[in-house]
Structures are given as structure tokens and as C-alpha cells.
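Enquirer: Compact mmCIF, C-alpha atoms, file input-v6.txt:
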# COMPACT_ATOMS: atom_id res chain seq x y z
CA ALA U 1 -86.41 2.19 40.68
CA SER U 2 -84.43 0.13 38.21
CA TYR U 3 -82.01 2.07 36.00
CA GLY U 4 -80.32 1.09 32.76
CA PHE U 5 -77.41 2.57 30.85
CA GLY U 6 -77.97 4.19 27.45
CA LEU U 7 -77.70 1.97 24.40
CA GLY U 8 -74.74 3.87 22.93
CA ASN U 9 -71.55 5.51 24.17
CA CYS U 10 -73.24 6.59 27.40
CA ILE U 11 -70.19 7.43 29.57
CA SER U 12 -68.46 10.82 29.31
CA LYS U 13 -64.99 11.74 30.46
CA THR U 14 -66.51 14.11 33.02
CA GLY U 15 -68.14 11.18 34.80
CA LEU U 16 -71.66 11.97 33.60
CA ILE U 17 -73.53 8.87 32.42
CA THR U 18 -76.78 8.73 30.45
CA GLY U 19 -79.48 6.19 31.10
CA SER U 20 -83.17 5.52 31.52
CA SER U 21 -85.73 3.90 33.77
CA TYR U 22 -88.74 2.61 31.85
CA ASP U 23 -90.07 5.69 30.01
CA LYS U 24 -88.09 8.33 31.92
CA ALA U 25 -84.56 9.55 31.21
CA TYR U 26 -81.83 9.91 33.82
CA THR U 27 -78.23 10.99 34.16
CA TRP U 28 -75.77 9.81 36.78
CA ASN U 29 -72.70 11.30 38.39
CA GLU U 30 -70.78 10.37 41.51
CA LYS U 31 -72.00 13.37 43.49
CA ASP U 32 -75.74 13.31 42.74
CA GLY U 33 -76.40 9.72 41.71
CA TRP U 34 -79.33 9.18 39.34
CA VAL U 35 -81.13 12.43 38.46
CA GLN U 36 -84.17 12.55 36.21
CA PHE U 37 -83.59 14.35 32.93
CA LYS U 38 -86.60 16.52 32.22
CA PRO U 39 -86.87 18.15 28.79
CA THR U 40 -88.37 21.62 28.65
CA GLU U 41 -91.21 20.18 26.55
CA ASN U 42 -93.96 17.91 27.84
CA ILE U 43 -92.81 14.59 26.36
CA GLU U 44 -94.24 11.26 27.50
CA ARG U 45 -91.16 9.07 26.91
CA VAL U 46 -87.50 10.01 26.73
CA CYS U 47 -84.44 7.77 26.33
CA LEU U 48 -80.84 9.01 26.53
CA ASN U 49 -78.34 6.80 24.71
CA GLY U 50 -75.08 8.58 23.90
CA ILE U 51 -73.02 11.48 25.22
CA THR U 52 -69.90 13.27 23.97
CA PRO U 53 -66.70 12.91 26.04
CA ASP U 54 -66.99 16.53 27.21
CA ALA U 55 -70.63 15.91 28.21
CA LYS U 56 -71.86 18.85 26.16
CA ARG U 57 -74.18 16.93 23.84
CA ILE U 58 -76.55 14.04 24.56
CA VAL U 59 -78.38 12.00 21.93
CA GLY U 60 -81.41 9.78 22.28
CA TYR U 61 -85.02 9.55 21.25
CA VAL U 62 -88.43 10.74 22.37
CA SER U 63 -92.01 9.61 21.89
CA SER U 64 -94.09 11.45 19.33
CA ALA U 65 -97.62 12.71 19.82
CA ASP U 66 -98.70 9.56 17.96
CA PHE U 67 -97.02 7.16 20.39
CA GLY U 68 -99.07 3.99 20.65
CA ASN U 69 -100.84 4.59 17.33
CA TYR U 70 -99.83 1.81 14.95
CA GLY U 71 -99.23 3.22 11.49
CA GLU U 72 -97.66 6.43 12.77
CA THR U 73 -94.05 7.26 13.61
CA MET U 74 -93.97 6.71 17.37
CA ILE U 75 -90.29 7.31 18.26
CA LEU U 76 -88.26 10.32 17.06
CA PRO U 77 -84.49 10.97 17.19
CA ALA U 78 -83.27 14.00 19.11
CA TYR U 79 -80.31 15.65 20.85
CA TRP U 80 -79.75 18.12 23.68
CA ASP U 81 -76.90 20.58 24.21
CA LEU U 82 -75.49 21.79 27.51
CA GLN U 83 -76.07 25.52 28.05
CA ASP U 84 -73.72 28.02 29.68
CA ASP U 85 -75.85 28.07 32.83
CA GLY U 86 -75.58 24.29 33.23
CA SER U 87 -79.10 23.55 31.99
CA TRP U 88 -79.95 21.52 28.93
CA SER U 89 -81.34 22.96 25.71
CA GLN U 90 -84.75 22.31 24.29
CA THR U 91 -85.25 18.99 22.50
CA ASN U 92 -83.66 19.30 19.07
CA PRO U 93 -85.18 16.97 16.45
CA LEU U 94 -83.06 15.19 13.86
CA PRO U 95 -84.20 14.78 10.24
CA PHE U 96 -85.14 11.45 8.65
CA PRO U 97 -87.06 10.16 5.60
CA ALA U 98 -90.78 10.71 6.10
CA LYS U 99 -91.65 7.50 4.22
CA ASP U 100 -90.03 4.06 4.28
CA TYR U 101 -89.47 1.72 1.33
CA THR U 102 -93.19 0.80 1.41
CA ASP U 103 -94.07 4.51 1.12
CA ARG U 104 -95.54 4.47 4.61
CA ASP U 105 -94.49 6.12 7.87
CA PRO U 106 -91.55 4.48 9.66
CA GLN U 107 -92.39 3.03 13.06
CA TYR U 108 -89.31 4.02 15.12
CA VAL U 109 -86.37 6.31 14.34
CA THR U 110 -83.60 6.47 16.95
CA ALA U 111 -80.29 8.13 17.83
CA ILE U 112 -77.85 5.83 19.67
CA PHE U 113 -74.20 6.85 19.25
CA VAL U 114 -72.57 10.26 18.96
CA SER U 115 -69.06 11.04 17.75
CA ASP U 116 -66.54 12.74 20.01
CA ASP U 117 -67.07 16.10 18.31
CA GLY U 118 -70.86 15.69 18.48
CA LYS U 119 -71.30 16.29 14.74
CA THR U 120 -72.06 12.70 13.67
CA ILE U 121 -74.84 10.63 15.20
CA GLY U 122 -75.72 7.03 14.43
CA GLY U 123 -79.14 5.45 14.92
CA MET U 124 -81.71 3.09 13.47
CA TYR U 125 -84.65 3.60 11.11
CA LEU U 126 -87.36 0.96 11.48
CA ASP U 127 -89.97 0.43 8.79
CA TYR U 128 -93.76 0.69 9.09
CA GLN U 129 -94.17 -2.95 10.12
CA GLY U 130 -91.21 -2.99 12.49
CA VAL U 131 -89.52 -5.74 10.45
CA ILE U 132 -86.83 -4.15 8.27
CA GLY U 133 -84.55 -1.59 9.83
CA SER U 134 -81.66 0.37 8.43
CA PRO U 135 -78.82 2.19 10.16
CA ILE U 136 -79.14 5.93 9.72
CA VAL U 137 -76.43 8.57 10.16
CA TYR U 138 -77.09 12.23 10.96
CA ARG U 139 -74.41 14.83 10.18
CA GLU U 140 -74.27 18.43 11.36
CA ASN U 141 -73.28 20.99 8.73
CA GLU U 142 -71.15 24.06 9.31
CA ASP U 143 -74.26 26.25 9.55
CA GLY U 144 -75.74 24.08 12.29
CA SER U 145 -78.28 22.37 10.04
CA TRP U 146 -78.51 18.58 9.88
CA GLU U 147 -78.71 16.07 7.06
CA TYR U 148 -79.26 12.32 7.15
CA ASP U 149 -77.91 9.33 5.27
CA LEU U 150 -79.87 6.07 5.31
CA ILE U 151 -76.67 4.08 4.89
CA GLY U 152 -78.34 0.65 4.95
CA SER U 153 -80.81 1.41 2.15
CA GLY U 154 -78.68 -0.46 -0.39
CA TYR U 155 -79.29 -3.67 1.52
CA VAL U 156 -83.07 -3.18 1.57
CA ASN U 157 -84.96 -4.41 -1.51
CA PRO U 158 -81.74 -4.92 -3.49
CA GLU U 159 -83.67 -6.04 -6.60
CA GLY U 160 -85.74 -2.85 -6.59
CA LEU U 161 -89.07 -4.65 -6.64
CA LYS U 162 -92.02 -2.30 -7.02
CA LEU U 163 -94.36 -2.59 -4.09
CA PRO U 164 -97.95 -1.69 -5.04
CA GLU U 165 -99.87 0.82 -2.99
CA TYR U 166 -101.31 -0.71 0.14
CA PRO U 167 -104.96 -1.53 -0.68
CA VAL U 168 -107.78 0.24 1.14
CA ALA U 169 -110.51 -1.96 2.59
CA PRO U 170 -114.05 -1.14 1.44
CA GLU U 171 -116.45 0.34 3.95
CA PRO U 172 -118.77 -2.36 5.35
CA VAL U 173 -122.47 -2.10 4.63
CA GLU U 174 -124.63 -1.20 7.63
CA ALA U 175 -128.13 -2.65 7.39
CA THR U 176 -129.65 0.14 9.48
CA ASP U 177 -128.57 2.68 6.83
CA TYR U 178 -131.22 1.14 4.58
CA MET U 179 -134.10 1.43 7.04
CA THR U 180 -136.55 4.17 7.79
CA GLU U 181 -136.65 5.44 11.37
CA ASP U 182 -139.66 3.25 12.12
CA GLU U 183 -138.01 0.17 10.58
CA ARG U 184 -134.82 0.81 12.54
CA ALA U 185 -136.76 1.19 15.81
CA GLU U 186 -138.63 -2.08 15.19
CA TYR U 187 -135.43 -3.88 14.29
CA GLU U 188 -133.54 -2.61 17.36
CA LYS U 189 -136.48 -3.65 19.57
CA ALA U 190 -136.29 -7.16 18.06
CA LEU U 191 -132.55 -7.28 18.84
CA GLU U 192 -133.23 -6.32 22.47
CA GLU U 193 -135.87 -9.04 22.79
CA TRP U 194 -133.51 -11.55 21.25
CA ALA U 195 -130.82 -10.59 23.79
CA ALA U 196 -133.38 -10.77 26.63
CA SER U 197 -134.17 -14.37 25.62
CA GLY U 198 -130.59 -15.30 26.39
CA TYR U 199 -129.93 -15.39 22.66
CA LEU U 200 -132.12 -18.50 22.41
CA ASP U 201 -134.81 -17.09 20.11
CA PRO U 202 -134.13 -16.98 16.35
CA TYR U 203 -131.83 -14.13 15.37
CA PRO U 204 -133.79 -11.23 13.81
CA GLU U 205 -132.62 -10.80 10.21
CA ALA U 206 -132.29 -7.17 9.18
CA GLU U 207 -133.93 -7.72 5.78
CA ASP U 208 -137.17 -8.81 7.47
CA TYR U 209 -137.61 -5.29 8.85
CA MET U 210 -137.12 -3.44 5.55
CA SER U 211 -139.56 -2.47 2.87
CA ASP U 212 -139.09 -4.29 -0.44
CA GLU U 213 -137.53 -1.19 -1.95
CA ASN U 214 -135.06 -0.73 0.92
CA LYS U 215 -134.30 -4.47 1.00
CA LEU U 216 -133.39 -4.44 -2.71
CA ALA U 217 -131.08 -1.43 -2.24
CA TYR U 218 -129.47 -3.12 0.77
CA LEU U 219 -128.86 -6.42 -1.05
CA LEU U 220 -127.40 -4.61 -4.06
CA ALA U 221 -125.06 -2.70 -1.72
CA CYS U 222 -124.02 -6.02 -0.12
CA ASP U 223 -123.26 -7.50 -3.55
CA LYS U 224 -121.11 -4.48 -4.42
CA TYR U 225 -119.32 -4.70 -1.06
CA ASN U 226 -118.60 -8.41 -1.55
CA GLU U 227 -117.08 -7.69 -4.97
CA GLU U 228 -114.92 -4.90 -3.55
CA ALA U 229 -113.94 -7.06 -0.55
CA GLN U 230 -112.84 -9.88 -2.87
CA LYS U 231 -110.74 -7.45 -4.89
CA PHE U 232 -109.28 -6.03 -1.67
CA ASN U 233 -108.34 -9.52 -0.45
CA ASN U 234 -106.71 -10.34 -3.80
CA ASP U 235 -104.79 -7.06 -3.83
CA LEU U 236 -103.73 -7.56 -0.21
CA GLU U 237 -102.49 -11.08 -0.95
CA ASN U 238 -100.48 -9.80 -3.90
CA TYR U 239 -99.10 -6.96 -1.76
CA TYR U 240 -97.80 -9.37 0.87
CA ILE U 241 -96.38 -11.77 -1.72
CA ILE U 242 -94.17 -8.96 -3.03
CA LEU U 243 -93.46 -7.61 0.47
CA ASN U 244 -92.36 -11.05 1.71
CA LYS U 245 -90.09 -11.41 -1.32
CA ILE U 246 -88.52 -8.03 -0.56
CA GLN U 247 -88.01 -8.99 3.09
CA SER U 248 -86.48 -12.36 2.20
CA GLU U 249 -83.96 -10.67 -0.09
CA SER U 250 -83.11 -7.79 2.26
CA MET U 251 -80.62 -7.55 5.06
CA LEU U 252 -82.56 -7.57 8.33
CA PHE U 253 -80.62 -5.13 10.49
CA ILE U 254 -81.16 -5.77 14.19
CA TYR U 255 -82.95 -2.90 15.88
CA ASN U 256 -80.46 -0.65 17.72
CA GLY U 257 -77.72 -3.31 17.33
CA ILE U 258 -75.10 -0.76 16.31
CA THR U 259 -71.82 0.70 17.45
CA MET U 260 -69.91 3.68 16.00
CA SER U 261 -66.28 4.72 16.16
CA PRO U 262 -65.45 7.79 18.29
CA ASP U 263 -64.37 9.80 15.24
CA GLY U 264 -67.71 9.10 13.53
CA THR U 265 -66.19 7.48 10.43
CA LYS U 266 -67.20 3.83 10.97
CA LEU U 267 -70.42 2.16 12.01
CA ALA U 268 -70.96 -1.55 12.61
CA VAL U 269 -74.39 -3.14 12.90
CA ALA U 270 -75.67 -6.66 13.56
CA ALA U 271 -77.97 -8.17 10.96
CA TYR U 272 -79.59 -11.30 9.63
CA ASP U 273 -79.43 -12.29 6.00
CA GLY U 274 -83.08 -12.26 4.94
CA GLN U 275 -82.63 -15.37 2.78
CA ASP U 276 -81.45 -17.38 5.78
CA PHE U 277 -83.64 -15.79 8.44
CA ASP U 278 -85.75 -18.10 10.58
CA PHE U 279 -88.46 -16.53 12.76
CA MET U 280 -88.12 -19.51 15.11
CA GLY U 281 -84.79 -18.10 16.26
CA SER U 282 -82.23 -20.44 14.70
CA SER U 283 -80.73 -17.81 12.39
CA LYS U 284 -77.13 -16.70 12.73
CA SER U 285 -76.45 -12.99 12.91
CA LEU U 286 -73.56 -11.32 11.12
CA ILE U 287 -71.97 -7.86 11.12
CA VAL U 288 -72.14 -5.23 8.40
CA ASN U 289 -69.40 -2.64 8.80
CA PHE U 290 -69.88 0.74 7.10
CA ASP U 291 -67.07 3.12 6.22
CA LEU U 292 -68.85 6.47 6.52
CA LYS U 293 -66.11 8.28 4.61
CA THR U 294 -66.04 6.14 1.49
CA GLY U 295 -69.60 4.84 1.62
CA LYS U 296 -68.35 1.27 1.29
CA SER U 297 -69.38 -1.61 3.53
CA ASP U 298 -68.15 -5.10 4.36
CA ILE U 299 -69.98 -8.15 5.71
CA TYR U 300 -68.36 -10.37 8.35
CA GLU U 301 -69.59 -13.77 9.38
CA TYR U 302 -68.38 -16.33 11.89
CA LYS U 303 -69.40 -19.86 12.79
CA GLU U 304 -71.39 -18.31 15.65
CA SER U 305 -73.66 -15.27 15.74
CA LEU U 306 -71.94 -11.92 16.03
CA SER U 307 -73.13 -8.68 17.61
CA PRO U 308 -70.80 -5.63 17.57
CA THR U 309 -69.98 -3.98 20.89
CA VAL U 310 -67.13 -1.54 20.11
CA SER U 311 -65.91 0.12 16.92
CA LEU U 312 -62.57 1.92 17.07
CA ASP U 313 -61.07 4.67 14.93
CA ASN U 314 -58.34 2.33 13.67
CA GLY U 315 -60.87 -0.09 12.15
CA CYS U 316 -60.84 -2.60 14.99
CA ILE U 317 -64.22 -4.09 15.97
CA LEU U 318 -65.07 -5.96 19.14
CA ALA U 319 -68.08 -8.26 19.18
CA THR U 320 -69.83 -10.95 21.15
CA ASN U 321 -72.40 -13.63 20.49
CA PRO U 322 -75.90 -12.58 21.66
CA ALA U 323 -76.66 -13.38 25.28
CA GLU U 324 -80.03 -14.94 24.46
CA GLU U 325 -78.43 -17.73 22.44
CA MET U 326 -77.65 -21.09 23.97
CA GLY U 327 -74.07 -21.71 25.01
CA CYS U 328 -71.38 -19.57 26.58
CA GLN U 329 -70.81 -15.99 25.53
CA GLN U 330 -67.46 -15.23 23.99
CA ALA U 331 -65.63 -12.10 22.93
CA PHE U 332 -64.43 -11.67 19.36
CA ILE U 333 -62.20 -9.16 17.62
CA LYS U 334 -61.47 -8.06 14.08
CA THR U 335 -58.39 -5.94 13.64
CA ALA U 336 -57.87 -3.58 10.71
CA ASP U 337 -55.22 -5.83 9.17
CA LYS U 338 -57.35 -8.98 9.28
CA ASP U 339 -60.24 -10.03 7.04
CA GLY U 340 -62.41 -11.62 9.71
CA PHE U 341 -63.14 -12.18 13.37
CA ILE U 342 -61.27 -14.41 15.79
CA THR U 343 -61.88 -15.03 19.47
CA LEU U 344 -60.31 -12.55 21.85
CA VAL U 345 -58.39 -15.42 23.44
CA ASP U 346 -56.83 -16.34 20.10
CA TYR U 347 -55.97 -12.69 19.52
CA PHE U 348 -54.12 -12.47 22.84
CA LYS U 349 -52.32 -15.73 22.16
CA GLU U 350 -50.42 -13.80 19.48
CA GLU U 351 -50.36 -10.31 20.97
CA SER U 352 -50.02 -11.07 24.69
CA PRO U 353 -49.61 -14.75 25.63
CA ALA U 354 -49.68 -13.89 29.33
CA ALA U 355 -53.11 -12.27 28.95
CA ALA U 356 -54.36 -15.27 26.98
CA GLU U 357 -53.10 -17.63 29.67
CA TRP U 358 -54.88 -15.57 32.35
CA MET U 359 -58.13 -15.68 30.37
CA ILE U 360 -57.90 -19.43 29.92
CA ASP U 361 -57.12 -19.98 33.61
CA ASN U 362 -59.81 -17.65 34.95
CA LEU U 363 -62.54 -17.37 32.34
CA THR U 364 -62.86 -20.89 31.01
CA HIS U 365 -64.03 -23.96 32.86
CA GLU U 366 -64.44 -27.65 32.16
CA TYR U 367 -67.55 -29.54 33.17
CA ASP U 368 -69.16 -32.87 32.42
CA THR U 369 -72.21 -33.01 30.20
CA LEU U 370 -74.75 -35.76 29.78
CA GLU U 371 -75.86 -36.90 26.35
CA GLY U 372 -79.40 -37.85 25.40
CA PHE U 373 -82.65 -37.35 27.32
CA ASP U 374 -84.16 -38.85 30.46
CA GLU U 375 -87.43 -40.76 30.50
CA GLU U 376 -89.38 -37.48 30.97
CA GLY U 377 -87.81 -35.97 27.87
CA PHE U 378 -85.40 -33.57 29.58
CA PRO U 379 -81.73 -33.32 28.53
Show me the file's structure as C-alpha cells.
Expert:
Amino acid sequence: ASYGFGLGNCISKTGLITGSSYDKAYTWNEKDGWVQFKPTENIERVCLNGITPDAKRIVGYVSSADFGNYGETMILPAYWDLQDDGSWSQTNPLPFPAKDYTDRDPQYVTAIFVSDDGKTIGGMYLDYQGVIGSPIVYRENEDGSWEYDLIGSGYVNPEGLKLPEYPVAPEPVEATDYMTEDERAEYEKALEEWAASGYLDPYPEAEDYMSDENKLAYLLACDKYNEEAQKFNNDLENYYIILNKIQSESMLFIYNGITMSPDGTKLAVAAYDGQDFDFMGSSKSLIVNFDLKTGKSDIYEYKESLSPTVSLDNGCILATNPAEEMGCQQAFIKTADKDGFITLVDYFKEESPAAAEWMIDNLTHEYDTLEGFDEEGFP
């Protein structure tokens, strides 16, 4: 089997690591290797993402009973606690808003990072269409109850545009509903004969098998349906005009592209500015950094795309440019006393010249490139 590490802080100080393999969850330690994590409930899909340093709490997400049903919430955030006998607790659900900004069910809700004390969990909340996400933070109260904070909501629909209710399509008219039993039997027999001809004979029109009275009722029902269908199409077009405007003006947070500080006071997430987003993939991602104590946030951009990898208690953020982009990956850093990101090499040039020299000698290379294209159109 192929195993992958959890998406969050998946390594504990005890040596226990959380991970997954396709739709099954696993933990790893040096003694036992990969061991399947089996919740006490019968859950189809489980993913373990984060673990506290003492390995007493694991966070992740599970599939809902509606998994695979578009329009329903398919992924749910959860956590598990280590029991005194060494077993894991039942699956504990985390709370989240039941409806997204379109007043429909969110598609996925996840838990990715957990603070050192286990009382703050960071995840993502993905809207009905799977387009606009928002970082979500879960906090445990003194009485053991949980509350949530959709911290990215201020970046979603910033103009507060009112999205109309999603229109309901009219029920199509069935011709056979306007036939007597004898008419329906004759019509279905004609359809079978038409099929037996290899679909070469003229298609049997339903109206030809109805009485005049039934035909009139059927045609009137078709006229009403066509009117309702036209209204539905107009309402749907208007709905998507407003929805597209909301999406273009919102921050498009990248699904699960987050990192949280160990003390649970800072959360950084990669995002695209909706106004500059290009579905063809040429957009540049930036970082939105949330201070979970003050509720304030800052946006950081660079000449290249940024994706956060580590957030520290002192306000330092490490980042990289996404692996799927063309060019070489680099490491970037923003320290608490600086306003923006610089490359890790440039940081070490000031803080540790010897380290910078080692990086340049061992991690950078020169090579010749060819300009233009050959006669077959390749670079």
C-alpha cells in the first residue's frame, strides 16, 4: 500500500505519526510501522491530519452518510482522544455552519491542524459548489463544548451582495400521464415497433395516440411547462450572474492550504485574489495571515506564488512556491519584524552567512537553456 502523511502537524513528540492510505486512516511508530486506525463507528472514509505533541488528541475528517451525493455535506471534521487503556475514543464531531453564503449545504468541512494543548483546531470550510473556501477555527471551551469561527468569512462576498434563492426547475410533462390505459398500451406498442425497425420508421408522436380531450390537456400542460422553464432559465442566469460577481470579488482560499502556529494563535492560508484569478492556472497565489487573538489579518504577496508551510508562535512564517508551477521551488520566510517575504537564502545571508553559502553551493545549480522553439514546436 501507499501511505501519505497527514495534511497538518502530523508528527508527535512520542514518535506517533498520523497519515492515510486512500480512504483509510493509519498511524505510524517505529515499533509497529503503519497500523490502520479504525474508529469505533462504521465510517467509510477517514483521514487523520494533525496530532498534539503528547499524542493524546488526533484531528482529521470523516465521510458523512451522504458521501458521494452532490448537494450534501460529504466530509465532516472530527477529533479522537487517547483513552487510559491506550485505545482511541469514539469519533467526536466538530461544529460548523450548516449553510454556506449561498444558503446551501457546504461540500467539505475539514480539520487539519491542532494546537499543542489540543484546544484549538484549524481547518477549511468549502462551499456548496466547491469553489469558495474559508479557513475555520474550532475552539474548546472550559466545559468541553466546542464553538467555531469562520475566520475567512470577511473575505467572502465583501460587498454583501444578496444572492437570490436557487431556482427550482419545473417538473417535465410526461405524455403518458395524459393517456388512458388503452392509449398508453397502444403508444408503447408503437414505440416497440419503431425500435424493432432499427429506428428507421417514423417516430410515433404521443399526441397521435390521445383522444382530442386528452391531447388538448397535454398541449396546455406543455405550454405551461415551457413558460415555467423559460422563467427558470432566466432566474438561473440571474443567479449565476450574481454568484460569479461574488466569486470574482471574494478571496479564493485554497482548499486545505493552511498552517497554524503551535500555540493556536496564528493561522496562515494560501489564496487567490478572485479579481485576478484565472481558471487556466496562470494566477499567482498569496498568503492571508490571521491573528486569532485580535481577529486581524494581513495579506502578503511576492513576485512568485506563495503557499505557507510553517507558522510559528513568534509570528514567523515559512512558505514555498507550489510544486505544480513551472520553475524551481524555493523556500521563503517572513519574520515578525519584517513586512513581507524574502527567500530563505537571503534571510541566511544576514543571519548566518555560512548557512547561506552552503545553500548556494549545494542547492543551486547553473545550466544552459535554449531560447525559442524547434521546427516541431517544442521549446
Enquirer: Neighbours of Glu41 of chain U within 10 Å (all atoms listed in the file; same-chain residues fewer than 3 positions away dropped), as a VMD selection string?
Expert: chain U and resid 38 44 90 to 91
Enquirer: Considering all atoms listed in the file, state which residue in the set U:Tyr155, U:Ala78, U:Gln230, U:Tyr101 is at the smallest distance from Pro170 of chain U.
Expert: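 Residue with the minimum atom-to-atom distance to Pro170 of chain U: U:Gln230.
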Enquirer: Compare U:Ile258, U:Asp116, U:Ser89, U:Ile151 by their minimum atom-to-atom distance to Thr294 of chain U, counting all atoms listed in the file, and give me the closest one.
Expert: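 Using all atoms listed in the file, Thr294 of chain U sits closest to U:Ile151.
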Enquirer: For a quick check of understanding, using only C-alpha atoms, which of U:Tyr138, U:Phe341, U:Tyr108, U:Trp28 has the smallest distance to Ser63 of chain U?
Expert: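 Nearest to Ser63 of chain U: U:Tyr108.
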Enquirer: Can you pull out every residue within 9 Å of Pro77 of chain U, counting only C-alpha atoms, but drop anything in the same chain fewer than 2 positions away, and send it as a list in words?
Expert: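 With the cut-off at 9 Å, the set is Val59, Gly60, Tyr61, Val62, Ser63, Ile75, Tyr79, Asn92, Pro93, Leu94, Pro95, Phe96, Tyr108, Val109, Thr110, Ala111, Ile112 and Gly123 of chain U.
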Enquirer: Work out how far atom CA of Pro135 of chain U is from atom CA of Gly295 of chain U, in Å to one decimal.
Expert: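 Rounded to one decimal, the two atoms are 12.8 Å apart.
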Enquirer: Given the choices U:Leu363, U:Ile342, U:Val46, U:Ala175, which gets closest to Ala217 of chain U if the distance is worked out from all atoms listed in the file?
Expert: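 Going through U:Leu363, U:Ile342, U:Val46, U:Ala175 one by one, the smallest distance to Ala217 of chain U is for U:Ala175.
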Enquirer: So that I can see what lies close to Glu205 of chain U, please list as a list in words the residues with an atom at most 12 Å from it, counting all atoms listed in the file and leaving out residues fewer than 6 positions away in the same chain.
Expert: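 Surrounding residues, per the criterion: Ala175, Thr176, Glu186, Tyr187, Glu188, Ala190, Leu191, Trp194 and Lys215 of chain U.
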Enquirer: Counting only C-alpha atoms, which of U:Asp117, U:Asp23, U:Glu159, U:Glu304 gets nearest to Asp263 of chain U?
Expert: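 Closest residue, counting only C-alpha atoms: U:Asp117.
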Enquirer: Pick from U:Val345, U:Ser305, U:Ser250, U:Thr364: nearest to Gly160 of chain U, with all atoms listed in the file counted?
Expert: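 Under the stated criterion, the closest residue is U:Ser250.
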Enquirer: Mind listing whatever residues come within 6 Å of the point (-68.4, -7.4, 7.1)? Use only C-alpha atoms, file coordinates, and give them as number ranges by chain.
Expert: U: 287-289, 298-300
Enquirer: Enter the distance from atom CA of Glu147 of chain U to atom CA of Asn256 of chain U, in Å, rounded to one decimal.
Expert: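 The value is 19.9 Å.
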Enquirer: Mind listing whatever residues come within 10 Å of the point (-65.5, 0.8, 14.2)? Use only C-alpha atoms, file coordinates, and give them as a list in words.
Expert: Ile258, Thr259, Met260, Ser261, Pro262, Asp263, Gly264, Thr265, Lys266, Leu267, Ala268, Val269, Asn289, Phe290, Asp291, Pro308, Thr309, Val310, Ser311, Leu312, Asp313, Asn314, Gly315, Cys316, Ile317, Leu318, Lys334, Thr335 and Ala336 of chain U
Enquirer: Write out, as a short mmCIF file (atom, residue, chain, number, x, y, z; two decimals), in the coordinates of the input, the residues just selected, with C-alpha atoms.
Expert:
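Okay, this is what ended up in result-v5.cif:
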data_model
loop_
_atom_site.label_atom_id
_atom_site.label_comp_id
_atom_site.auth_asym_id
_atom_site.auth_seq_id
_atom_site.Cartn_x
_atom_site.Cartn_y
_atom_site.Cartn_z
CA ILE U 258 -75.10 -0.76 16.31
CA THR U 259 -71.82 0.70 17.45
CA MET U 260 -69.91 3.68 16.00
CA SER U 261 -66.28 4.72 16.16
CA PRO U 262 -65.45 7.79 18.29
CA ASP U 263 -64.37 9.80 15.24
CA GLY U 264 -67.71 9.10 13.53
CA THR U 265 -66.19 7.48 10.43
CA LYS U 266 -67.20 3.83 10.97
CA LEU U 267 -70.42 2.16 12.01
CA ALA U 268 -70.96 -1.55 12.61
CA VAL U 269 -74.39 -3.14 12.90
CA ASN U 289 -69.40 -2.64 8.80
CA PHE U 290 -69.88 0.74 7.10
CA ASP U 291 -67.07 3.12 6.22
CA PRO U 308 -70.80 -5.63 17.57
CA THR U 309 -69.98 -3.98 20.89
CA VAL U 310 -67.13 -1.54 20.11
CA SER U 311 -65.91 0.12 16.92
CA LEU U 312 -62.57 1.92 17.07
CA ASP U 313 -61.07 4.67 14.93
CA ASN U 314 -58.34 2.33 13.67
CA GLY U 315 -60.87 -0.09 12.15
CA CYS U 316 -60.84 -2.60 14.99
CA ILE U 317 -64.22 -4.09 15.97
CA LEU U 318 -65.07 -5.96 19.14
CA LYS U 334 -61.47 -8.06 14.08
CA THR U 335 -58.39 -5.94 13.64
CA ALA U 336 -57.87 -3.58 10.71
#
Enquirer: What does the distance between atom CA of Lys13 of chain U and atom CA of Asp54 of chain U come to in Å, to one decimal place?
Expert: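 We find that atom CA of Lys13 of chain U and atom CA of Asp54 of chain U lie 6.1 Å from each other.
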Enquirer: Return as AutoDock Vina command-line options the centre and edge lengths, in Å with one decimal, of the box along x, y and z that encloses every atom of segment 303-322 of chain U in the file, padded by 5 Å per side.
Expert:
--center_x -67.1 --center_y -7.6 --center_z 16.9 --size_x 27.6 --size_y 34.5 --size_z 19.5
Enquirer: With a distance cut-off of 12 Å and all atoms listed in the file, select the neighbouring residues of Glu193 of chain U, excluding the residue or stretch itself and same-chain residues fewer than 6 positions from it, and output the selection as number ranges by chain.
Expert: U: 186-187, 199-204
